[in-house]
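The structure file protein-v6.txt is reproduced below (compact mmCIF, C-alpha atoms (C1' of nucleotides)).
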# COMPACT_ATOMS: atom_id res chain seq x y z
CA MET N 1 8.44 -2.36 0.83
CA GLU N 2 10.84 0.35 -0.04
CA SER N 3 9.78 3.85 0.89
CA VAL N 4 9.09 5.21 4.32
CA PHE N 5 5.70 6.29 3.00
CA GLU N 6 4.62 2.76 2.33
CA ILE N 7 5.72 1.81 5.80
CA ILE N 8 3.57 4.39 7.52
CA ALA N 9 0.64 3.70 5.22
CA GLU N 10 -0.34 0.83 7.51
CA PRO N 11 -2.61 2.00 10.36
CA THR N 12 -1.34 -0.47 12.94
CA ARG N 13 2.23 0.55 12.27
CA ARG N 14 1.33 4.20 12.71
CA ALA N 15 -0.35 3.33 15.99
CA MET N 16 2.76 1.52 17.11
CA LEU N 17 4.96 4.46 16.29
CA SER N 18 2.65 6.79 18.16
CA LEU N 19 2.81 4.54 21.18
CA LEU N 20 6.56 4.57 21.12
CA VAL N 21 6.73 8.33 21.27
CA SER N 22 6.11 8.25 25.00
CA SER N 23 8.49 5.47 25.90
CA GLN N 24 10.06 2.27 24.76
CA LEU N 25 7.84 -0.79 24.98
CA SER N 26 8.06 -4.54 24.83
CA VAL N 27 6.20 -6.56 22.23
CA GLY N 28 3.74 -7.72 24.84
CA GLU N 29 2.97 -4.22 25.98
CA ILE N 30 2.29 -3.13 22.45
CA GLU N 31 0.15 -6.19 21.89
CA ARG N 32 -2.02 -5.36 24.90
CA GLN N 33 -2.32 -1.66 24.23
CA LEU N 34 -3.32 -2.11 20.63
CA ARG N 35 -5.37 -5.28 21.11
CA VAL N 36 -3.69 -6.94 18.19
CA PRO N 37 -2.45 -10.55 17.95
CA GLN N 38 1.18 -11.04 18.86
CA PRO N 39 2.39 -12.36 15.48
CA THR N 40 0.92 -9.29 13.87
CA VAL N 41 2.81 -7.06 16.26
CA SER N 42 6.04 -8.89 15.65
CA LYS N 43 5.63 -8.78 11.92
CA HIS N 44 4.96 -5.06 11.87
CA LEU N 45 7.85 -4.47 14.23
CA ARG N 46 10.07 -6.33 11.86
CA VAL N 47 9.05 -4.07 9.02
CA LEU N 48 9.60 -1.00 11.15
CA ARG N 49 12.96 -2.27 12.33
CA GLU N 50 14.23 -3.07 8.87
CA ALA N 51 13.16 0.35 7.68
CA GLY N 52 14.98 2.01 10.56
CA PHE N 53 11.92 3.36 12.35
CA VAL N 54 12.67 1.46 15.52
CA GLU N 55 15.43 -0.49 17.14
CA SER N 56 15.33 -3.08 19.88
CA THR N 57 17.41 -4.21 22.77
CA VAL N 58 17.19 -7.56 24.47
CA ASP N 59 15.82 -7.72 27.98
CA ALA N 60 15.72 -11.35 29.09
CA GLN N 61 13.01 -12.93 26.97
CA ARG N 62 11.66 -9.63 25.87
CA ARG N 63 12.65 -7.19 23.25
CA LEU N 64 12.32 -3.53 24.08
CA TYR N 65 11.56 -1.37 21.11
CA ARG N 66 12.19 2.33 20.82
CA LEU N 67 11.90 4.93 18.09
CA LYS N 68 14.60 6.06 15.75
CA PRO N 69 14.09 9.50 14.21
CA GLU N 70 15.65 9.27 10.77
CA PRO N 71 12.87 7.80 8.61
CA LEU N 72 10.24 10.15 9.93
CA GLU N 73 12.57 13.02 9.25
CA GLU N 74 12.43 11.91 5.66
CA VAL N 75 8.69 12.36 5.67
CA GLU N 76 9.13 15.72 7.30
CA ALA N 77 11.56 16.71 4.57
CA TRP N 78 9.21 15.72 1.79
CA LEU N 79 6.42 17.62 3.42
CA ALA N 80 8.42 20.80 3.85
CA PRO N 81 7.83 22.34 0.40
CA PHE N 82 4.09 22.11 0.90
CA ARG N 83 4.15 23.92 4.18
CA ARG N 84 4.31 27.35 2.62
CA PHE N 85 1.20 26.29 0.87
CA TRP N 86 -1.10 25.92 3.81
CA SER N 87 0.56 28.47 6.03
CA ALA N 88 -1.85 31.06 4.75
CA HIS N 89 -4.56 28.42 4.94
CA VAL N 90 -7.82 30.08 4.08
CA ASP N 91 -6.66 32.30 1.29
CA ALA N 92 -4.00 29.92 0.02
CA LEU N 93 -6.20 28.83 -2.81
CA GLU N 94 -7.02 32.35 -3.77
CA ARG N 95 -3.39 33.33 -4.02
CA HIS N 96 -2.66 30.20 -5.95
CA LEU N 97 -5.20 31.07 -8.56
CA ASP N 98 -3.45 34.40 -9.01
CA ARG N 99 -0.01 32.89 -9.28
CA MET N 100 -1.14 31.00 -12.41
CA GLY N 101 1.61 28.84 -13.79
CA PRO N 102 2.47 27.55 -17.30
CA SER N 103 -1.14 26.53 -17.73
CA ALA N 104 -2.30 30.07 -18.00
CA PRO N 105 -5.48 30.03 -20.05
CA PRO N 106 -4.73 29.86 -23.80
CA LYS N 107 -6.86 31.45 -26.48
CA ARG N 108 -10.50 30.57 -26.07
CA LYS N 109 -13.85 32.24 -25.70
CA THR N 110 -14.81 31.18 -22.21
CA ARG N 111 -12.23 32.40 -19.76
CA ARG N 112 -11.77 30.78 -16.42
CA LYS N 113 -15.17 29.51 -15.37
CA ARG N 114 -15.89 31.38 -12.13
CA MET V 1 -8.15 3.65 -0.21
CA GLU V 2 -9.05 5.41 2.93
CA SER V 3 -6.25 7.24 4.66
CA VAL V 4 -4.17 10.08 3.31
CA PHE V 5 -1.14 7.99 4.12
CA GLU V 6 -2.09 5.30 1.67
CA ILE V 7 -2.62 7.95 -0.95
CA ILE V 8 0.85 9.40 -0.65
CA ALA V 9 2.41 5.96 -0.41
CA GLU V 10 2.41 5.81 -4.20
CA PRO V 11 5.58 7.37 -5.69
CA THR V 12 3.96 8.71 -8.83
CA ARG V 13 1.30 10.45 -6.80
CA ARG V 14 3.92 12.05 -4.59
CA ALA V 15 5.72 13.23 -7.71
CA MET V 16 2.50 14.71 -9.00
CA LEU V 17 1.85 16.56 -5.79
CA SER V 18 5.38 17.92 -5.81
CA LEU V 19 4.92 19.15 -9.34
CA LEU V 20 1.77 20.95 -8.39
CA VAL V 21 3.47 22.92 -5.65
CA SER V 22 4.86 25.31 -8.22
CA SER V 23 1.74 25.83 -10.26
CA GLN V 24 -1.39 24.25 -11.54
CA LEU V 25 -0.95 21.88 -14.47
CA SER V 26 -2.98 20.11 -17.08
CA VAL V 27 -3.05 16.34 -17.39
CA GLY V 28 -0.89 16.51 -20.48
CA GLU V 29 1.72 18.64 -18.78
CA ILE V 30 1.97 16.21 -15.90
CA GLU V 31 2.14 13.33 -18.33
CA ARG V 32 5.10 14.88 -20.13
CA GLN V 33 6.99 15.99 -17.06
CA LEU V 34 6.73 12.64 -15.35
CA ARG V 35 7.04 10.51 -18.47
CA VAL V 36 4.11 8.39 -17.45
CA PRO V 37 1.27 7.10 -19.66
CA GLN V 38 -1.79 9.31 -19.74
CA PRO V 39 -4.26 6.80 -18.31
CA THR V 40 -1.95 6.34 -15.36
CA VAL V 41 -1.89 10.08 -14.78
CA SER V 42 -5.66 10.32 -14.99
CA LYS V 43 -6.17 7.43 -12.63
CA HIS V 44 -3.83 8.83 -10.03
CA LEU V 45 -5.39 12.24 -10.38
CA ARG V 46 -8.74 10.69 -9.73
CA VAL V 47 -7.48 9.16 -6.52
CA LEU V 48 -5.95 12.45 -5.46
CA ARG V 49 -9.08 14.34 -6.34
CA GLU V 50 -11.39 12.04 -4.44
CA ALA V 51 -9.13 12.26 -1.43
CA GLY V 52 -9.14 16.04 -1.60
CA PHE V 53 -5.48 16.51 -2.45
CA VAL V 54 -6.26 18.31 -5.67
CA GLU V 55 -9.13 19.95 -7.48
CA SER V 56 -9.62 20.69 -11.13
CA THR V 57 -11.19 23.29 -13.32
CA VAL V 58 -12.20 22.88 -16.90
CA ASP V 59 -10.23 24.76 -19.55
CA ALA V 60 -11.59 23.87 -22.98
CA GLN V 61 -10.62 20.23 -23.50
CA ARG V 62 -8.17 20.28 -20.66
CA ARG V 63 -8.48 19.93 -16.97
CA LEU V 64 -6.25 22.11 -14.85
CA TYR V 65 -5.30 20.56 -11.57
CA ARG V 66 -4.12 22.39 -8.50
CA LEU V 67 -3.30 21.49 -4.92
CA LYS V 68 -5.60 21.60 -1.96
CA PRO V 69 -3.88 21.82 1.42
CA GLU V 70 -6.15 19.95 3.80
CA PRO V 71 -5.07 16.32 3.41
CA LEU V 72 -1.39 17.11 3.68
CA GLU V 73 -2.13 19.09 6.79
CA GLU V 74 -3.41 15.85 8.20
CA VAL V 75 -0.05 14.25 7.62
CA GLU V 76 1.60 17.23 9.18
CA ALA V 77 -0.63 16.86 12.22
CA TRP V 78 0.20 13.21 12.68
CA LEU V 79 3.86 13.95 12.37
CA ALA V 80 3.84 16.74 14.93
CA PRO V 81 4.24 14.65 18.11
CA PHE V 82 7.38 13.09 16.71
CA ARG V 83 9.00 16.39 15.99
CA ARG V 84 10.18 16.94 19.54
CA PHE V 85 11.85 13.63 19.11
CA TRP V 86 14.31 14.50 16.40
CA SER V 87 14.70 18.16 17.27
CA ALA V 88 17.67 17.26 19.40
CA HIS V 89 18.69 14.86 16.68
CA VAL V 90 22.07 13.45 17.64
CA ASP V 91 21.49 12.96 21.31
CA ALA V 92 17.80 12.16 21.01
CA LEU V 93 18.46 8.49 21.44
CA GLU V 94 20.64 9.04 24.44
CA ARG V 95 18.00 11.08 26.20
CA HIS V 96 15.39 8.54 25.29
CA LEU V 97 17.35 5.81 26.98
CA ASP V 98 17.35 7.87 30.13
CA ARG V 99 13.67 8.61 30.02
CA MET V 100 12.93 4.87 30.30
CA GLY V 101 9.24 4.19 30.23
CA PRO V 102 7.02 1.43 31.73
CA SER V 103 9.42 -1.13 30.38
CA ALA V 104 12.03 -0.26 32.96
CA PRO V 105 14.05 -3.41 33.51
CA PRO V 106 12.29 -5.85 35.87
CA LYS V 107 14.06 -8.08 38.38
CA ARG V 108 16.77 -10.07 36.71
CA LYS V 109 20.47 -10.72 36.93
CA THR V 110 21.61 -9.30 33.64
CA ARG V 111 20.76 -5.62 33.52
CA ARG V 112 20.49 -3.78 30.30
CA LYS V 113 23.02 -5.32 27.96
CA ARG V 114 25.31 -2.44 27.11
C1' DC L 1 15.04 -31.28 32.74
C1' DA L 2 10.32 -29.95 32.19
C1' DC L 3 7.50 -26.08 31.95
C1' DG L 4 5.83 -21.34 31.31
C1' DT L 5 6.55 -17.05 29.16
C1' DA L 6 8.04 -13.90 25.41
C1' DT L 7 8.93 -13.31 20.73
C1' DA L 8 9.88 -14.61 15.99
C1' DT L 9 8.90 -17.00 11.85
C1' DA L 10 6.76 -20.12 8.25
C1' DC L 11 2.92 -21.16 5.59
C1' DC L 12 -1.42 -20.34 3.44
C1' DT L 13 -5.21 -17.44 1.87
C1' DT L 14 -7.61 -13.29 0.65
C1' DT L 15 -7.72 -8.81 -1.06
C1' DT L 16 -6.48 -4.97 -3.54
C1' DA L 17 -3.61 -1.64 -5.85
C1' DG L 18 -1.29 -0.64 -9.94
C1' DA L 19 0.09 -1.43 -14.81
C1' DG L 20 -1.21 -1.99 -19.54
C1' DT L 21 -4.28 -1.77 -23.32
C1' DA L 22 -8.18 -0.42 -25.59
C1' DT L 23 -11.95 2.47 -25.89
C1' DA L 24 -15.30 6.10 -24.74
C1' DC L 25 -16.34 10.87 -24.24
C1' DA L 26 -15.80 15.97 -24.89
C1' DA L 27 -14.36 20.09 -27.07
C1' DT L 28 -12.20 22.36 -30.98
C1' DG L 29 -11.31 23.66 -35.73
C1' DC L 30 -11.65 22.88 -40.51
C1' DG I 1 -19.89 16.54 -40.30
C1' DC I 2 -15.23 14.79 -39.65
C1' DA I 3 -10.65 14.69 -37.85
C1' DT I 4 -7.88 15.87 -34.01
C1' DT I 5 -6.63 16.75 -29.39
C1' DG I 6 -7.20 16.03 -24.46
C1' DT I 7 -8.94 13.35 -20.80
C1' DA I 8 -11.54 9.71 -18.48
C1' DT I 9 -12.91 5.04 -17.90
C1' DA I 10 -13.52 -0.10 -18.43
C1' DC I 11 -11.32 -4.44 -18.39
C1' DT I 12 -7.85 -7.85 -17.44
C1' DC I 13 -3.73 -9.40 -15.16
C1' DT I 14 -0.21 -9.70 -11.74
C1' DA I 15 2.09 -8.93 -7.59
C1' DA I 16 2.35 -8.25 -3.03
C1' DA I 17 0.80 -7.01 1.55
C1' DA I 18 -1.76 -8.21 5.51
C1' DG I 19 -4.24 -11.50 8.36
C1' DG I 20 -4.72 -16.11 10.62
C1' DT I 21 -2.92 -20.24 12.51
C1' DA I 22 0.54 -23.07 13.86
C1' DT I 23 5.10 -23.76 15.22
C1' DA I 24 9.92 -22.73 16.30
C1' DT I 25 13.26 -20.53 19.25
C1' DA I 26 15.09 -18.46 23.42
C1' DC I 27 15.21 -17.43 28.19
C1' DG I 28 14.19 -18.16 33.07
C1' DT I 29 12.52 -20.88 36.99
C1' DG I 30 11.37 -24.60 39.81
Show me the file's structure as structure tokens.
Amino acid sequence: MESVFEIIAEPTRRAMLSLLVSSQLSVGEIERQLRVPQPTVSKHLRVLREAGFVESTVDAQRRLYRLKPEPLEEVEAWLAPFRRFWSAHVDALERHLDRMGPSAPPKRKTRRKR
Amino acid sequence: MESVFEIIAEPTRRAMLSLLVSSQLSVGEIERQLRVPQPTVSKHLRVLREAGFVESTVDAQRRLYRLKPEPLEEVEAWLAPFRRFWSAHVDALERHLDRMGPSAPPKRKTRRKR
DNA sequence: CACGTATATACCTTTTAGAGTATACAATGC
DNA sequence: GCATTGTATACTCTAAAAGGTATATACGTG
């Protein structure tokens, strides 16, 4: 599993990240909140940890997990160029049609169907 | 493939979306720019189309593909709650440690190791 | 030291996504 | 009608991710 995008493709992992926005949590707390078997939680946490999404500190027998911002910032960064695209929202498509890139209709009888 | 997150987990698909930010493109143009076999392009385009990331219009033998904003807005929406988290960036972690959620250290001898 | 709790890991199985190859389909131009 | 270009689809194969179950490890307490 390389990219941050593959990491957040998994629904349970996204849920875990969302939980951790509010506060750090132990494995058991996550397990109870998400109603998911403990090994599953641990395995997903491992993936998240190795990808830098979370880090943990030891608290007696527990591990407290908290978010780390960097990987999600990567997602944010990738998303950025598209933002201009939906900022206009409703008429975005209309403007796009006018922009017309390198694929501008070549010679043919039927012009753009519409 | 259900969620938008699984869709953008695939690197080639992300590349295709990024290409389409600038302008609409035909299958062949995408194929050449990404140096990827045509069936691969078509298959990924199908996935993107069915998930609402792109739409196509017919232009003689070609299909011109262009972006649709909605699905990426979904990603944006999911990401939003985390934004406050990295806005402070450097000291985000520090502040987080102070916030200390429900996992606040219980009774024990060794307090937070650090 | 024996026991309970908290978490991690190992192993096995199922499922599915993606690649590759070949082929079908559609439109065009001669 | 036939060849060519552009795109979609069908089929097969492989790899890998996720789940389930069992077990290991670590800590704390009596």
(message) Would you compute the distance between atom CA of Arg46 of chain V and atom C1' of DT15 of chain L? Give it in Å to one decimal.
(response)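 Separating atom CA of Arg46 of chain V from atom C1' of DT15 of chain L is a distance of 21.4 Å.
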Could you make a table, as a Markdown table, of the residues of chain N that have an atom within 6 Å of an atom of chain V, each with its nearest atom pair and distance in Å to one decimal, counting all atoms listed in the file, in chain and number order?
| residue | atom | partner | partner_atom | distance |
| --- | --- | --- | --- | --- |
| N:Phe5 | CA | V:Ala9 | CA | 4.7 |
| N:Glu6 | CA | V:Ala9 | CA | 4.8 |
| N:Ala9 | CA | V:Glu6 | CA | 4.8 |
| N:Ser23 | CA | V:Gly101 | CA | 4.6 |
| N:Gln24 | CA | V:Gly101 | CA | 5.9 |
| N:Leu25 | CA | V:Ser103 | CA | 5.6 |
| N:Pro69 | CA | V:Trp86 | CA | 5.5 |
| N:Trp86 | CA | V:Pro69 | CA | 5.5 |
| N:Gly101 | CA | V:Ser23 | CA | 4.6 |
| N:Ser103 | CA | V:Leu25 | CA | 5.7 |
Counting only C-alpha atoms (C1' of nucleotides), which residues of chain I fall within 8 Å of chain N, and what is the closest atom pair for each with its distance in Å at one decimal, ordered by chain and rising number, as a tab-separated table?
residue	atom	partner	partner_atom	distance
I:DG19	C1'	N:Thr40	CA	7.9
I:DA26	C1'	N:Gln61	CA	6.9
I:DC27	C1'	N:Gln61	CA	5.2
(message) Quick one: residues within 9 Å of Ile30 of chain N, all atoms listed in the file, excluding same-chain residues fewer than 6 positions away - as a VMD selection string?
(response) chain N and resid 16 19 to 20 36 38 41
(request) Tell me which of L:DA2, L:DC30, L:DC12, L:DA22 sits closest to chain V, counting only C-alpha atoms (C1' of nucleotides). (result)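 Among L:DA2, L:DC30, L:DC12, L:DA22, it is L:DA22 that comes nearest to chain V.
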(request) Go ahead and compute the interatomic distance for atom CA of Ala15 of chain N and atom CA of Ser56 of chain N, in Å to one decimal. (result)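 Spanning atom CA of Ala15 of chain N to atom CA of Ser56 of chain N is a straight-line distance of 17.4 Å.
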Proximal residues of chain L relative to chain N (all atoms listed in the file; 12 Å) as a PDB file with C-alpha atoms (C1' of nucleotides), in the frame of the given file:
ATOM      1  C1'  DG L   4       5.830 -21.340  31.310  1.00  0.00           C
ATOM      2  C1'  DT L   5       6.550 -17.050  29.160  1.00  0.00           C
ATOM      3  C1'  DA L   6       8.040 -13.900  25.410  1.00  0.00           C
ATOM      4  C1'  DT L   7       8.930 -13.310  20.730  1.00  0.00           C
ATOM      5  C1'  DA L   8       9.880 -14.610  15.990  1.00  0.00           C
ATOM      6  C1'  DT L   9       8.900 -17.000  11.850  1.00  0.00           C
ATOM      7  C1'  DA L  10       6.760 -20.120   8.250  1.00  0.00           C
ATOM      8  C1'  DA L  27     -14.360  20.090 -27.070  1.00  0.00           C
ATOM      9  C1'  DT L  28     -12.200  22.360 -30.980  1.00  0.00           C
ATOM     10  C1'  DG L  29     -11.310  23.660 -35.730  1.00  0.00           C
TER      11       DG L  29
END
(message) Report, in Å to a single decimal, how far apart atom CA of Glu2 of chain V and atom CA of Pro71 of chain V are.
(response)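 About the pair atom CA of Pro71 of chain V and atom CA of Glu2 of chain V: they are 11.6 Å apart.
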